[in-house]
Each structure stands twice: as C-alpha cells, then as structure tokens.
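Asks: Here it is, the structure, as structure tokens.
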Amino acid sequence: MTQPVRPLRADAARNRARVLEVAWETFASEGLSVPVEEIARRAGVGLGTVYRHFPSKDHLVRAIVSDRMQQVIEEADSLLATGDPAEALFTFLRAVVFEWGATDVGLKNALANSDIKITARGVREPFLAIIDKLLKAAQRAGSVRPDIGAEEVKALVVG
C-alpha cells in the first residue's frame, strides 16, 4: 500500500522556495556551473536541506529551467494570440536573444546544453516545439521562407 504524500511543513516549504529563488537568481546571473554548496550558502540553508528537496544538482537545474521554459512558452503563445504571426516570431526571437539571452545566463546555458548535463527533453524539446509553432505560423502567413526549420532557428538564437 502506498503511503500518502504529506504536505511540506511551513518551514520546509519556505526553505524550498528560498532555494529555488536563490538558484534562479544565481543561475541567471552566473550560469549553471555555480556549485550547489554556493546556492545553499546564499539561501541561508544547509546543504542537506537543498538535497532533501533536490536529490542532485540536475534536479535543481531542471526545476529552475522547466519553470523558466514554461514562462518562455507562455510568452510565445501570447505573442501568437496577437494575430500577426511574423511579428510574433520576430518579437519572440528578439526577446530570446536580447532580453533573456542577455539577462539569463542559466537559460542560455540550458538551451545551448552547456555547463551541466541537463535532460534534453526538459529544455530542448519544448523550446524547439515553440519555435516550430511560431515558425510554421509565420510560414503559413508567407512571412518566412518555407525551407527553414526550428533546428536552424534554434542554432541561430543559441549561437
């Protein structure tokens, strides 16, 4: 019989939230190579606290990057809802390169698959899917050549 999952105690929930907040800020400003020990120190918690919530650095990185990718996807979907597929695609690409790429080193590392081994499905596939969605809409509208694919656009953006 499976034991029911107990909700986190209030202090444990606060610690988990603090670790995620600090990890997000640290990875965004310094990249994914920052050690877990440094995240724990900056969050004001013990290393054991971090590992209780995130069994490995990969788990912590995936939690941060998955959340960030969800925001990127929501932003792309809202741009598509504006009605102009070409403008949606180009606004998205400008944001990825000039806003997120300039301010979120961790996301940039994750998209380029550098610094740390991250489960590719967690970052690469959703990013390619949203690029493909934007690209195909712009292609259907006649704004982008039909022979360009999401992999090529990703290579340009990440490069």
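In the structure tokens, chains take the letters A, B, ... in the order shown, each chain's residues start at 1, and ligands count up from 1 in the order shown.
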Please list as a PDB file with C-alpha atoms, in the first residue's frame every residue within 9 Å of A:Ile39, counting only C-alpha atoms and excluding residues in the same chain fewer than 2 positions away.

Replies:
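After the write, out15.pdb holds the following:
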ATOM      1  CA  VAL A  19      16.478  27.664  -2.530  1.00  0.00           C
ATOM      2  CA  VAL A  22      18.336  31.934  -4.960  1.00  0.00           C
ATOM      3  CA  ALA A  23      19.126  29.249  -7.545  1.00  0.00           C
ATOM      4  CA  THR A  26      22.304  32.789  -9.261  1.00  0.00           C
ATOM      5  CA  VAL A  34      27.635  27.519  -9.727  1.00  0.00           C
ATOM      6  CA  PRO A  35      28.036  24.724  -7.134  1.00  0.00           C
ATOM      7  CA  VAL A  36      25.092  23.572  -5.038  1.00  0.00           C
ATOM      8  CA  GLU A  37      27.106  24.434  -1.930  1.00  0.00           C
ATOM      9  CA  ARG A  41      25.107  29.282   1.383  1.00  0.00           C
ATOM     10  CA  ARG A  42      23.369  32.144  -0.419  1.00  0.00           C
ATOM     11  CA  ALA A  43      19.936  30.764   0.504  1.00  0.00           C
ATOM     12  CA  GLY A  44      20.956  30.559   4.152  1.00  0.00           C
ATOM     13  CA  VAL A  45      20.233  26.840   4.409  1.00  0.00           C
ATOM     14  CA  LEU A  47      23.465  21.597   2.024  1.00  0.00           C
ATOM     15  CA  VAL A  50      18.944  21.535  -0.638  1.00  0.00           C
TER      16      VAL A  50
END

Asks: Any idea what's packed within 12 Å of A:Gln71, counting only C-alpha atoms, ignoring anything in its chain fewer than 5 positions away? Could you give it as JSON, numbers by chain?

Replies: {"A": [64, 65, 66, 76, 77, 78, 96, 100, 107, 126, 127, 130]}

Asks: Could you tell me which of A:Phe27, A:Phe54, A:Phe90, A:Phe98 comes closest to A:Val144 if we count only C-alpha atoms?

Replies: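 Of the candidates, the smallest distance to A:Val144 is held by A:Phe90.
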
Asks: Could you name the residues that touch A:Gly31 at 6 Å or less, counting only C-alpha atoms, but leaving out those on the same chain fewer than 2 positions away, as JSON, numbers by chain?

Replies: {"A": [27, 28, 33, 105, 106]}

Asks: With all heavy atoms retained, export the selected residues as a short mmCIF file (atom, residue, chain, number, x, y, z; two decimals), in the first residue's frame.

Replies:
data_model
loop_
_atom_site.label_atom_id
_atom_site.label_comp_id
_atom_site.auth_asym_id
_atom_site.auth_seq_id
_atom_site.Cartn_x
_atom_site.Cartn_y
_atom_site.Cartn_z
N PHE A 27 21.76 31.25 -11.06
CA PHE A 27 21.96 30.66 -12.37
C PHE A 27 21.74 31.70 -13.47
O PHE A 27 22.44 31.69 -14.49
CB PHE A 27 21.03 29.46 -12.59
CG PHE A 27 21.36 28.26 -11.73
CD1 PHE A 27 20.36 27.37 -11.39
CD2 PHE A 27 22.65 28.01 -11.28
CE1 PHE A 27 20.63 26.25 -10.61
CE2 PHE A 27 22.94 26.90 -10.50
CZ PHE A 27 21.93 26.02 -10.17
N ALA A 28 20.78 32.58 -13.28
CA ALA A 28 20.53 33.62 -14.29
C ALA A 28 21.71 34.56 -14.42
O ALA A 28 22.10 34.94 -15.53
CB ALA A 28 19.26 34.41 -13.95
N SER A 33 27.02 26.62 -13.78
CA SER A 33 28.17 25.96 -13.18
C SER A 33 28.36 26.30 -11.69
O SER A 33 29.23 25.74 -11.04
CB SER A 33 29.45 26.31 -13.95
OG SER A 33 29.69 27.70 -13.88
N VAL A 105 21.77 33.90 -17.99
CA VAL A 105 22.88 33.04 -18.41
C VAL A 105 22.52 31.57 -18.25
O VAL A 105 22.85 30.74 -19.10
CB VAL A 105 24.17 33.39 -17.62
CG1 VAL A 105 25.32 32.48 -18.04
CG2 VAL A 105 24.53 34.85 -17.81
N GLY A 106 21.80 31.24 -17.19
CA GLY A 106 21.41 29.85 -16.95
C GLY A 106 20.52 29.31 -18.05
O GLY A 106 20.71 28.18 -18.53
#

Asks: Show which residues sit within 10 Å of A:Gly142, as an MDAnalysis selection string. Count only C-alpha atoms, and ignore same-chain residues fewer than 6 positions away.

Replies: chainID A and resid 85:86 136

Asks: Please produce an output containing N, CA and C atoms for each residue in the selection, written as a PDB file, in the first residue's frame.

Replies:
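out_31.pdb was written with the following content:
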ATOM      1  N   PRO A  85       1.512  36.556 -37.192  1.00  0.00           N
ATOM      2  CA  PRO A  85       2.493  35.505 -36.954  1.00  0.00           C
ATOM      3  C   PRO A  85       3.943  35.949 -37.157  1.00  0.00           C
ATOM      4  N   ALA A  86       4.187  36.787 -38.160  1.00  0.00           N
ATOM      5  CA  ALA A  86       5.557  37.258 -38.397  1.00  0.00           C
ATOM      6  C   ALA A  86       6.037  38.111 -37.235  1.00  0.00           C
ATOM      7  N   LYS A 136       6.060  27.962 -38.119  1.00  0.00           N
ATOM      8  CA  LYS A 136       5.051  27.471 -39.067  1.00  0.00           C
ATOM      9  C   LYS A 136       3.925  28.477 -39.274  1.00  0.00           C
TER      10      LYS A 136
END
